[in-house]
file target-v9.txt (compact mmCIF, C-alpha atoms and all ligand atoms)
# COMPACT_ATOMS: atom_id res chain seq x y z
CA MET H 183 0.00 0.00 0.00
CA ARG H 184 1.45 3.36 -1.00
CA ARG H 185 0.95 6.49 1.05
CA THR H 186 2.45 9.95 1.36
CA ASN H 187 3.78 11.80 4.39
CA THR H 188 3.61 15.58 4.22
CA PHE H 189 5.66 17.79 6.50
CA GLU H 190 7.33 21.16 6.94
CA VAL H 191 11.09 21.50 6.62
CA VAL H 192 12.92 24.14 8.65
CA PRO H 193 16.57 25.15 8.08
CA GLN H 194 18.43 25.62 11.34
CA SER H 195 20.52 28.63 10.32
CA GLU H 196 20.68 31.33 7.66
CA GLU H 197 23.56 29.48 6.06
CA ASP H 198 21.57 26.26 5.87
CA GLU H 199 18.64 28.13 4.37
CA GLU H 200 20.89 29.69 1.74
CA LEU H 201 22.35 26.29 0.92
CA LEU H 202 18.88 24.79 0.62
CA ARG H 203 17.65 27.61 -1.60
CA ARG H 204 20.63 27.21 -3.88
CA LEU H 205 19.99 23.49 -4.13
CA LEU H 206 16.34 24.02 -5.06
CA ASP H 207 17.14 26.86 -7.44
CA ALA H 208 19.80 24.79 -9.22
CA SER H 209 17.27 21.95 -9.52
CA ALA H 210 14.80 24.33 -11.18
CA ALA H 211 17.53 25.65 -13.48
CA LEU H 212 18.36 22.07 -14.45
CA TRP H 213 14.71 21.22 -15.01
CA ASN H 214 14.33 24.28 -17.24
CA GLU H 215 17.42 23.39 -19.28
CA ILE H 216 16.30 19.81 -19.80
CA ASN H 217 12.82 20.93 -20.62
CA PHE H 218 14.05 23.57 -23.06
CA GLU H 219 16.13 20.98 -24.84
CA ARG H 220 13.18 18.60 -25.06
CA ARG H 221 10.95 21.35 -26.41
CA GLU H 222 13.55 22.10 -29.07
CA ARG H 223 13.75 18.42 -30.01
CA TYR H 224 9.98 18.26 -30.07
CA ALA H 225 9.81 21.20 -32.48
CA GLU H 226 12.26 19.56 -34.88
CA PRO H 227 10.73 17.39 -37.61
CA ASP H 228 12.75 14.29 -36.64
CA GLY H 229 13.65 15.35 -33.11
CA ASP H 230 13.85 12.74 -30.40
CA VAL H 231 12.87 14.22 -27.03
CA TRP H 232 14.47 11.30 -25.19
CA ASP H 233 17.86 12.01 -26.70
CA ILE H 234 19.23 14.88 -24.63
CA SER H 235 22.57 16.11 -23.28
CA GLU H 236 24.38 14.78 -20.25
CA TYR H 237 23.88 17.20 -17.33
CA ARG H 238 25.77 15.44 -14.56
CA GLY H 239 28.98 17.25 -15.40
CA ARG H 240 27.53 20.72 -14.97
CA TYR H 241 25.04 20.12 -12.17
CA GLY H 242 26.50 17.18 -10.28
CA GLY H 243 28.80 19.39 -8.21
CA VAL H 244 25.88 21.35 -6.79
CA LEU H 245 23.09 18.78 -6.74
CA GLY H 246 24.91 15.48 -6.54
CA ALA H 247 24.66 12.91 -9.33
CA SER H 248 21.57 11.16 -7.97
CA THR H 249 19.52 14.36 -7.81
CA VAL H 250 20.52 15.28 -11.36
CA GLN H 251 19.23 11.87 -12.37
CA GLN H 252 15.96 12.34 -10.41
CA ILE H 253 15.20 15.70 -12.04
CA GLU H 254 15.84 14.24 -15.48
CA ARG H 255 13.61 11.29 -14.64
CA LYS H 256 10.85 13.54 -13.34
CA ASN H 257 11.00 15.60 -16.52
CA ARG H 258 10.87 12.44 -18.59
CA GLU H 259 7.73 11.41 -16.71
CA ALA H 260 6.16 14.80 -17.45
CA TRP H 261 6.83 14.32 -21.15
CA ARG H 262 5.53 10.77 -21.06
CA SER H 263 2.25 11.88 -19.59
CA PHE H 264 2.12 14.72 -22.12
CA PHE H 265 2.36 12.19 -24.96
CA ALA H 266 -0.20 9.94 -23.30
CA LEU H 267 -2.64 12.85 -23.04
CA GLN H 268 -1.88 13.88 -26.58
CA GLN H 269 -2.86 10.44 -27.76
CA LYS H 270 -6.19 10.82 -26.02
CA GLY H 271 -6.54 14.30 -27.50
CA GLU H 272 -6.44 15.92 -24.07
CA ALA H 273 -2.96 17.44 -24.02
CA ASN H 274 -2.82 21.03 -22.85
CA GLY H 275 0.63 22.18 -23.98
CA THR H 276 4.07 20.67 -23.55
CA PRO H 277 5.46 20.40 -20.00
CA GLY H 278 6.11 23.82 -18.46
CA TYR H 279 9.11 25.48 -16.86
CA TRP H 280 9.68 25.95 -13.16
CA GLY H 281 9.56 29.72 -13.40
CA ASN H 282 12.41 31.63 -15.03
CA ARG H 283 15.53 33.56 -14.11
CA GLU H 284 13.96 37.01 -14.47
CA ASP H 285 10.83 36.50 -12.36
CA GLY H 286 12.39 33.86 -10.16
CA ARG H 287 12.40 30.12 -10.46
CA GLU H 288 10.09 27.79 -8.56
CA LEU H 289 12.21 26.31 -5.84
CA ARG H 290 11.79 22.57 -5.92
CA THR H 291 13.71 19.34 -6.11
CA TYR H 292 13.37 15.57 -6.06
CA ILE H 293 15.68 13.42 -3.98
CA ARG H 294 16.28 9.74 -4.57
CA ASN H 295 15.03 7.35 -1.88
CA THR H 296 18.57 6.36 -0.90
CA SER H 297 19.81 9.96 -0.78
CA TYR H 298 17.84 11.17 2.21
CA SER H 299 16.67 10.01 5.62
CA VAL H 300 13.91 11.19 7.95
CA GLU H 301 13.84 10.59 11.66
CA TRP H 302 10.87 11.36 13.87
CA GLY H 303 11.36 11.88 17.57
CA THR H 304 12.15 14.62 20.06
CA TYR H 305 14.37 16.25 17.46
CA SER H 306 12.78 15.30 14.17
CA ARG H 307 15.07 15.76 11.25
CA LEU H 308 15.62 15.28 7.56
CA GLU H 309 19.05 14.74 6.06
CA ILE H 310 19.54 15.21 2.35
CA LEU H 311 22.39 14.72 -0.05
CA VAL H 312 24.02 17.81 -1.59
CA GLY H 313 26.76 18.05 -4.21
CA GLN H 314 30.44 18.17 -3.31
CA ASP H 315 30.85 21.81 -4.42
CA LEU H 316 28.17 22.98 -2.02
CA LYS H 317 29.65 20.86 0.75
CA ASP H 318 33.04 22.48 0.25
CA GLU H 319 31.57 25.95 0.10
CA TYR H 320 29.45 25.55 3.25
CA GLY H 321 31.94 23.50 5.21
CA LEU H 322 30.18 20.14 5.26
CA ASP H 323 32.28 16.98 5.58
CA ARG H 324 32.68 14.62 2.70
CA GLN H 325 30.12 12.12 3.98
CA GLU H 326 27.90 14.71 5.62
CA ARG H 327 24.38 15.50 4.49
CA LEU H 328 22.47 18.74 4.97
CA ARG H 329 20.52 18.38 8.20
CA LEU H 330 17.16 20.13 8.47
CA GLU H 331 14.51 20.17 11.16
CA VAL H 332 11.11 18.75 10.24
CA ARG H 333 7.78 19.67 11.76
CA GLY H 334 4.38 18.16 11.33
CA ASP H 335 2.40 15.14 12.14
CA PRO H 336 3.37 12.39 9.71
CA SER H 337 0.66 9.84 9.14
CA TRP H 338 3.28 7.15 8.71
CA ASN H 339 6.13 7.07 11.18
CA GLU H 340 6.80 3.48 10.36
CA TYR H 341 6.89 2.12 6.87
CA ASP H 342 8.58 -0.58 4.88
CA LYS H 343 10.04 1.52 2.09
CA GLN H 344 10.42 5.18 1.23
CA GLY H 345 10.16 6.68 -2.26
CA ARG H 346 11.54 9.76 -3.98
CA LEU H 347 11.23 12.84 -1.77
CA GLU H 348 9.74 16.04 -3.18
CA LEU H 349 10.99 19.18 -1.48
CA TYR H 350 9.69 22.63 -2.40
CA TYR H 351 9.41 26.18 -1.18
CA ASP H 352 5.87 27.50 -0.84
CA GLU H 353 6.25 31.24 -1.37
CA TYR H 354 2.74 32.05 -0.18
CA SER H 355 3.17 30.58 3.24
CA ASP H 356 6.95 31.24 3.16
CA ARG H 357 7.73 27.67 4.17
CA PHE H 358 9.65 24.71 2.86
CA ARG H 359 7.56 21.59 2.53
CA ALA H 360 8.17 17.95 1.69
CA PHE H 361 6.21 15.03 0.31
CA GLN H 362 7.54 11.63 1.20
CA PRO H 363 5.94 8.65 -0.54
CA VAL H 364 6.10 5.47 1.54
CA THR H 365 5.06 1.84 1.18
CA ILE H 366 3.31 0.15 4.07
CA GLY H 367 2.88 -3.56 4.60
CA THR H 368 -0.53 -4.94 5.60
CA SER H 369 0.78 -6.02 8.99
CA ARG H 370 0.78 -2.37 10.02
CA LEU H 371 -2.93 -1.86 9.31
CA ALA H 372 -5.65 -1.44 11.90
CA SER H 373 -9.03 -3.15 11.94
CA PRO H 374 -12.52 -1.85 12.82
CA LEU H 375 -13.37 -1.65 16.51
CA ALA H 376 -17.06 -2.55 15.99
CA ASP H 377 -19.63 -2.98 13.25
CA GLU H 378 -21.16 0.49 13.02
CA THR H 379 -22.09 2.25 9.79
CA ALA H 380 -21.75 5.83 8.55
CA ALA H 381 -23.33 7.66 5.60
CA LEU H 382 -21.85 10.70 3.90
CA ASP H 383 -23.51 13.52 2.08
CA ILE H 384 -20.96 15.22 -0.16
CA GLY H 385 -21.44 18.79 -1.34
CA ALA H 386 -19.55 21.99 -2.06
CA ASN H 387 -20.50 24.40 0.70
CA ASN H 388 -20.47 21.69 3.29
CA LEU H 389 -17.87 19.35 1.90
CA VAL H 390 -19.03 16.38 3.92
CA ALA H 391 -21.99 15.87 6.22
CA CYS H 392 -21.90 12.55 8.04
CA THR H 393 -24.21 10.57 10.31
CA THR H 394 -23.23 7.34 12.03
CA THR H 395 -25.29 4.57 13.60
CA THR H 396 -23.81 5.58 16.95
CA GLY H 397 -25.63 8.88 16.61
CA THR H 398 -22.62 11.04 15.84
CA GLN H 399 -22.94 13.78 13.25
CA LEU H 400 -20.01 15.56 11.59
CA LEU H 401 -20.06 18.57 9.31
CA TYR H 402 -16.97 19.67 7.35
CA GLU H 403 -17.50 23.24 6.20
CA GLY H 404 -16.02 24.16 2.86
CA GLY H 405 -17.39 27.63 2.16
CA ASP H 406 -14.06 29.48 2.52
CA LEU H 407 -12.14 26.86 0.59
CA PHE H 408 -14.64 26.93 -2.22
CA GLU H 409 -14.55 30.73 -2.32
CA ARG H 410 -10.75 30.70 -2.62
CA PHE H 411 -10.91 28.08 -5.33
CA ARG H 412 -13.36 30.31 -7.22
CA LYS H 413 -11.09 33.33 -6.78
CA ALA H 414 -8.13 31.41 -8.21
CA THR H 415 -10.33 30.26 -11.09
CA ARG H 416 -11.37 33.83 -11.85
CA GLU H 417 -7.74 34.95 -11.78
CA ILE H 418 -6.80 32.14 -14.17
CA SER H 419 -9.46 33.14 -16.68
CA ARG H 420 -8.47 36.81 -16.35
CA LEU H 421 -4.87 35.89 -17.19
CA GLN H 422 -6.00 33.62 -20.01
CA SER H 423 -7.97 36.43 -21.60
CA LYS H 424 -4.79 38.54 -21.67
CA LEU H 425 -2.63 35.92 -23.40
CA ARG H 426 -1.21 36.74 -26.78
CA GLU H 427 -3.03 35.14 -29.67
CA GLY H 428 -2.01 31.55 -30.29
CA ARG H 429 -0.88 31.04 -26.70
CA TYR H 430 -2.92 28.91 -24.37
CA SER H 431 -1.03 29.08 -21.16
CA SER H 432 1.80 30.76 -19.30
CA ASN H 433 4.03 29.93 -16.37
CA ARG H 434 1.94 32.16 -14.14
CA ILE H 435 -1.25 30.35 -15.14
CA ARG H 436 0.31 26.95 -14.73
CA SER H 437 1.59 27.87 -11.31
CA LEU H 438 -1.87 29.15 -10.29
CA TYR H 439 -3.43 25.90 -11.47
CA ARG H 440 -0.86 23.93 -9.56
CA ARG H 441 -1.35 25.90 -6.39
CA ARG H 442 -5.13 25.71 -6.67
CA THR H 443 -5.00 21.94 -7.07
CA ARG H 444 -2.46 21.51 -4.33
CA ARG H 445 -4.54 23.49 -1.86
CA ARG H 446 -7.64 21.47 -2.63
CA ASP H 447 -5.80 18.14 -2.48
CA HIS H 448 -4.24 19.08 0.81
CA ALA H 449 -7.63 19.91 2.34
CA GLN H 450 -9.19 16.75 0.88
CA ASP H 451 -6.40 14.51 2.11
CA ALA H 452 -6.64 15.99 5.56
CA LEU H 453 -10.43 15.68 5.50
CA ALA H 454 -10.34 12.01 4.52
CA ARG H 455 -7.89 11.32 7.33
CA ASP H 456 -9.69 13.32 9.99
CA LEU H 457 -13.00 11.73 9.05
CA VAL H 458 -11.71 8.16 8.90
CA GLU H 459 -9.91 8.52 12.23
CA ARG H 460 -13.08 9.78 13.88
CA LEU H 461 -15.17 7.03 12.29
CA HIS H 462 -12.68 4.39 13.34
CA ALA H 463 -12.88 5.62 16.92
CA GLU H 464 -16.69 5.34 16.67
CA GLY H 465 -16.38 1.69 15.70
CA VAL H 466 -17.48 2.20 12.11
CA SER H 467 -16.72 -0.64 9.70
CA THR H 468 -18.74 0.48 6.64
CA VAL H 469 -19.17 3.90 5.03
CA TYR H 470 -21.85 4.67 2.44
CA VAL H 471 -21.22 7.32 -0.18
CA GLY H 472 -23.57 8.37 -2.95
CA ALA H 473 -23.04 7.00 -6.43
CA LEU H 474 -21.36 9.58 -8.65
CA THR H 475 -24.36 10.28 -10.89
CA ASP H 476 -26.57 10.70 -7.84
CA VAL H 477 -24.20 13.16 -6.26
CA LEU H 478 -24.04 15.28 -9.36
CA ASP H 479 -27.82 15.18 -9.97
CA THR H 480 -28.96 15.65 -6.44
CA HIS H 481 -26.80 18.46 -5.24
CA TRP H 482 -25.69 20.53 -8.08
CA SER H 483 -27.78 22.36 -10.59
CA VAL H 484 -26.55 22.14 -14.15
CA GLU H 485 -24.91 25.57 -14.25
CA ALA H 486 -23.20 25.16 -10.89
CA ASN H 487 -22.28 21.62 -11.76
CA ALA H 488 -19.17 22.19 -13.82
CA LYS H 489 -17.62 24.53 -11.28
CA THR H 490 -18.40 22.56 -8.16
CA HIS H 491 -17.55 19.28 -9.79
CA ASN H 492 -14.23 20.70 -10.85
CA PHE H 493 -13.63 21.99 -7.34
CA TRP H 494 -14.59 18.94 -5.47
CA ALA H 495 -13.23 16.28 -7.85
CA PHE H 496 -15.64 13.79 -6.35
CA ARG H 497 -14.07 10.71 -7.88
CA ALA H 498 -10.62 11.67 -6.60
CA PHE H 499 -12.00 12.36 -3.16
CA VAL H 500 -13.73 9.00 -2.93
CA LYS H 501 -10.52 7.33 -4.02
CA ARG H 502 -8.67 9.12 -1.20
CA LEU H 503 -11.35 8.10 1.22
CA VAL H 504 -11.17 4.45 0.13
CA CYS H 505 -7.38 4.48 0.51
CA THR H 506 -7.46 6.03 3.95
CA ALA H 507 -10.32 3.80 5.12
CA GLU H 508 -8.39 0.75 3.95
CA GLU H 509 -5.74 1.51 6.56
CA TYR H 510 -8.38 0.89 9.22
CA GLY H 511 -10.09 -2.03 7.52
CA ILE H 512 -13.15 0.15 6.87
CA SER H 513 -14.97 -0.46 3.60
CA VAL H 514 -16.47 2.35 1.51
CA GLU H 515 -19.55 1.42 -0.51
CA ALA H 516 -21.46 3.37 -3.14
CA ARG H 517 -25.23 3.45 -2.65
CA SER H 518 -28.04 5.33 -4.30
CA GLU H 519 -28.89 8.49 -2.42
CA ALA H 520 -31.55 9.68 -4.83
CA TRP H 521 -33.99 12.07 -3.13
CA THR H 522 -32.36 11.82 0.27
CA SER H 523 -31.63 15.53 0.24
CA GLN H 524 -35.32 16.36 -0.30
CA GLU H 525 -36.84 13.87 2.06
CA CYS H 526 -38.41 15.07 5.28
CA PRO H 527 -37.21 12.77 8.06
CA GLN H 528 -40.39 13.42 10.00
CA CYS H 529 -43.21 12.78 7.52
CA GLY H 530 -41.28 11.19 4.66
CA SER H 531 -42.44 13.68 2.04
CA THR H 532 -40.04 14.47 -0.79
CA GLU H 533 -42.30 17.01 -2.53
CA ARG H 534 -43.33 19.39 0.17
CA THR H 535 -39.90 20.21 1.58
CA THR H 536 -37.99 23.37 0.68
CA ARG H 537 -34.37 24.27 1.09
CA HIS H 538 -33.07 27.75 1.89
CA GLY H 539 -29.34 27.90 2.28
CA ASP H 540 -28.45 25.19 4.76
CA THR H 541 -31.96 24.77 6.13
CA LEU H 542 -34.49 22.17 5.11
CA THR H 543 -38.09 22.91 6.11
CA CYS H 544 -41.32 20.97 5.72
CA PRO H 545 -44.94 22.11 6.24
CA CYS H 546 -45.28 19.27 8.75
CA GLY H 547 -43.17 21.35 11.11
CA PHE H 548 -39.75 19.87 10.49
CA GLU H 549 -36.81 22.20 10.23
CA GLY H 550 -33.18 21.03 10.22
CA HIS H 551 -29.73 21.30 8.72
CA ALA H 552 -30.24 20.16 5.14
CA ASP H 553 -26.97 18.25 4.61
CA LEU H 554 -26.89 16.63 8.01
CA THR H 555 -30.51 15.60 7.55
CA ALA H 556 -29.69 14.20 4.11
CA SER H 557 -26.88 12.06 5.51
CA GLU H 558 -29.23 10.86 8.25
CA THR H 559 -31.89 9.90 5.69
CA PHE H 560 -29.26 8.26 3.49
CA LEU H 561 -28.01 6.19 6.42
CA ARG H 562 -31.50 5.15 7.49
CA ARG H 563 -32.42 4.09 4.00
CA HIS H 564 -29.52 1.67 3.70
CA GLN H 565 -29.60 0.51 7.24
CA LYS H 566 -32.89 -1.40 7.05
CA SER H 567 -31.84 -4.22 9.32
CA GLN H 568 -30.95 -1.95 12.16
CA ILE H 569 -33.55 0.65 11.40
CA SER H 570 -36.15 -0.09 14.04
CA ASP H 571 -33.59 -0.17 16.77
CA TRP H 572 -31.84 2.90 15.47
CA ARG H 573 -35.05 4.83 14.94
CA THR H 574 -36.11 4.37 18.53
CA ARG H 575 -32.73 5.52 19.66
CA HIS H 576 -32.22 8.47 17.36
CA CYS H 577 -34.99 9.29 14.96
CA VAL H 578 -37.92 10.08 17.13
CA SER H 579 -40.29 12.68 15.77
CA ARG H 580 -40.44 16.29 16.80
CA GLN H 581 -43.49 15.68 18.96
CA GLN H 582 -41.67 12.97 20.82
CA GLN H 583 -38.68 15.19 21.25
CA THR H 584 -40.62 17.39 23.61
CA ASN H 585 -40.89 14.42 25.92
CA VAL H 586 -37.86 12.35 25.12
CA ALA H 587 -34.44 13.89 24.74
CA ARG H 588 -32.95 12.83 21.45
CA PRO H 589 -29.81 10.94 22.36
CA MET H 590 -28.02 12.00 19.21
CA ALA H 591 -24.94 13.95 20.20
CA ARG H 592 -24.53 17.55 19.24
CA PRO H 593 -23.16 17.77 15.67
CA VAL H 594 -19.43 18.37 15.43
CA CYS H 595 -18.54 21.19 13.06
CA LEU H 596 -15.12 21.21 11.45
CA LYS H 597 -13.30 24.07 9.78
CA TRP H 598 -10.16 24.14 7.63
CA ASP H 599 -7.36 26.53 8.55
CA ASP H 600 -4.90 25.60 5.75
CA HIS H 601 -3.23 23.05 7.97
CA ARG H 602 -5.84 20.95 9.66
CA TRP H 603 -9.51 20.42 10.21
CA SER H 604 -10.41 21.43 13.71
CA GLU H 605 -13.60 21.56 15.67
CA SER H 606 -15.21 24.92 15.40
CA PRO H 607 -15.96 26.53 18.76
CA ARG H 608 -19.14 27.92 17.24
CA SER H 609 -22.10 25.59 17.07
CA CYS H 610 -23.24 24.15 13.79
CA PRO H 611 -25.70 26.25 11.83
CA ASN H 612 -29.32 25.30 12.56
CA GLU H 613 -28.27 23.13 15.38
CA GLU H 614 -30.87 24.70 17.60
CA HIS H 615 -33.51 23.62 15.11
CA THR H 616 -32.44 20.04 14.62
CA ASN H 617 -31.59 19.45 18.18
CA PRO H 618 -33.29 21.86 20.57
CA GLN H 619 -32.89 20.05 23.83
CA VAL H 620 -29.38 18.79 23.62
CA ALA H 621 -28.25 22.16 22.36
CA SER H 622 -29.80 24.00 25.28
CA VAL H 623 -28.31 21.54 27.75
CA GLY H 624 -24.91 22.12 26.20
CA ARG H 625 -25.01 25.85 26.88
ZN ZN S 701 -42.37 16.68 6.81
call {"tool": "encode", "arguments": {"input": "target-v9.txt", "output": "C-alpha cells"}}
result
Amino acid sequence: MRRTNTFEVVPQSEEDEELLRRLLDASAALWNEINFERRERYAEPDGDVWDISEYRGRYGGVLGASTVQQIERKNREAWRSFFALQQKGEANGTPGYWGNREDGRELRTYIRNTSYSVEWGTYSRLEILVGQDLKDEYGLDRQERLRLEVRGDPSWNEYDKQGRLELYYDEYSDRFRAFQPVTIGTSRLASPLADETAALDIGANNLVACTTTTGTQLLYEGGDLFERFRKATREISRLQSKLREGRYSSNRIRSLYRRRTRRRDHAQDALARDLVERLHAEGVSTVYVGALTDVLDTHWSVEANAKTHNFWAFRAFVKRLVCTAEEYGISVEARSEAWTSQECPQCGSTERTTRHGDTLTCPCGFEGHADLTASETFLRRHQKSQISDWRTRHCVSRQQQTNVARPMARPVCLKWDDHRWSESPRSCPNEEHTNPQVASVGR
C-alpha cells in the first residue's frame, strides 16, 4: 500500500537556508534546461525528445549525481504523460518550466530514496544529499548530508520503504515543505473496533456531512475553501484572456493551477484522514457514499455543476477516502442516495420540503440542517436491518422530542485553517432547530 507523508522543513541557520535555496534553485535551473532541450527536439521534424545532453557534469557538483538523475527522470515522466494525453486528445501544452531567471524560479527538487533520511522523535530531522561543491563551500564533511529540522504530524512514522522525496518552497506561506511517498505492509494496518455504519452527504458548501449509527454527526464546512478556489479560477481566466493570440497558457497560469490543485488536495487529504480517524474511533466498519451520478444530480444544478464538480473532484475524493479507510479495515460502498436531500425525516415527504441555504423545512413542522438531515436519511435508507432499533434511539419525531431527549450527540462542526480540520468553537448552523434540547443543555 502506497501512502504519502507531508511535513514542513525548517533550516536551522541562515547558512543552511541559503544552501537549501541554492539546491532548489539549481534543480529548477536544471529542469528548465532539460525541458528547453526537449521542447527544441519536439519542435524539430525528426527530433527525439528522449535524446538529450548529459547534465551530470555541470550540475553534479551542486546537486549530486543522484539528484541530477531524479530531475531528469521527473521531466521524462512529465513528457511521457504529455504524450499519453496527446494520444487521447487531451494534451494542454508541452510540460512547463519551473519559473524563469527574471521572475524567479520555482524552488523545488526531487531526492532519490537512498539519498535522504527522515527521523521522527524529540528532534525530528531530515538529512539530504548535496553536491560536493556545495559541501566544500558551506563546510560540510565529505560524507555529511544537509541536516534540516522537520515539523508536522506524519501519518506514517513506520513504513517498509520510502520513495523519492519532493521538497519545495511554498512562497505564499513562506515555508519549505516535503512530500515523502512510503510503502506500508498490511501487517501495520488497523481493523474496525465494531460494526457500526456511517453515511456521507458530499457537497460543495459543506464538503461532507456525516451521520453514524452511533448517533454522531459531523459537518466539514467548505465555504471558505470553495470561495478561494473560485477566486483562483477567476484569476486564471483573467490571465487567459490577456494571453497573446495563439498562446494557451503561461508559467503564471500553470503555477496558479498547480497551487489551486495543491490546496484542494491538501484539504481533501486531511479531511479524509480526519474523518476516517473519527469514524474508526466510533467503531465504524462500513461507510456509504452516494453513487457519482446521484451526487451530481442531487446536489448541483446544471450551471453550478461544472464549477463545483471541478472543485470537489468527487471521484478523486472517494478514491482518497477508500485508501485512507483501507488503513483501518473500513470499507467504503457506493449506494443510491436519490432524493435523500429532499426527504423530510419526520413525515417522509419528498415534494413538500424546501431548502433555503443550509436549512431544510417541511410544512409538517420539520426544520433542520439540510446536509446533516440528508446524511441521516441516506443512512437510514440503507440501514434497514438496524432501522427499528436505530429509529427508537435516534430518529424520534419532533413531537416525541418534547418528551424524550434525542440521544443523538450535538453535531461536530469542522473548519479548515490551511493546515488541519479542527472543531469549530461555534455551534453548527441550525443546530438549535435540529436538536433543541441537547443544544440547550450544552449551553
Ligand atoms: Zn415533513
call {"tool": "residues_around", "arguments": {"input": "target-v9.txt", "residues": "Arg434 in chain H", "least_positions_apart": "4", "cutoff": "12 Å", "atoms": "only C-alpha atoms", "output": "list in words"}}
result
Gly278, Tyr279, Trp280, Gly281, Asn282, Asp285, Gly286, Arg287, Glu288, Ala414, Glu417, Ile418, Ser419, Arg420, Leu421, Gln422, Lys424, Leu425, Tyr430, Leu438, Tyr439, Arg440 and Arg441 of chain H
call {"tool": "closest_residue", "arguments": {"input": "target-v9.txt", "among": "H:Glu525, H:Glu309, H:Asp198, H:Asp335", "to": "ligand ZN 701 (chain S)", "atoms": "only C-alpha atoms and all ligand atoms"}}
result
H:Glu525
call {"tool": "closest_residue", "arguments": {"input": "target-v9.txt", "among": "H:Leu267, H:Gln399, H:Glu533, H:Glu509", "to": "Ser369 in chain H", "atoms": "all atoms listed in the file"}}
result
H:Glu509
call {"tool": "residues_near_ligand", "arguments": {"input": "target-v9.txt", "ligand": "ligand ZN 701 (chain S)", "cutoff": "12 Å", "atoms": "only C-alpha atoms and all ligand atoms", "output": "list in words"}}
result
Gln524, Glu525, Cys526, Pro527, Gln528, Cys529, Gly530, Ser531, Thr532, Glu533, Arg534, Thr535, Thr536, Leu542, Thr543, Cys544, Pro545, Cys546, Gly547, Phe548, Glu549, Gly550, Thr555, Ser579 and Arg580 of chain H
call {"tool": "closest_residue", "arguments": {"input": "target-v9.txt", "among": "H:Ser195, H:Asp356, H:Ser423, H:Glu272", "to": "Tyr320 in chain H", "atoms": "only C-alpha atoms"}}
result
H:Ser195
call {"tool": "residues_around", "arguments": {"input": "target-v9.txt", "residues": "range 342-345 of chain H", "least_positions_apart": "6", "cutoff": "9 Å", "atoms": "only C-alpha atoms", "output": "list in words"}}
result
Ile293, Arg294, Asn295, Thr296, Gln362, Pro363, Val364, Thr365, Ile366 and Gly367 of chain H
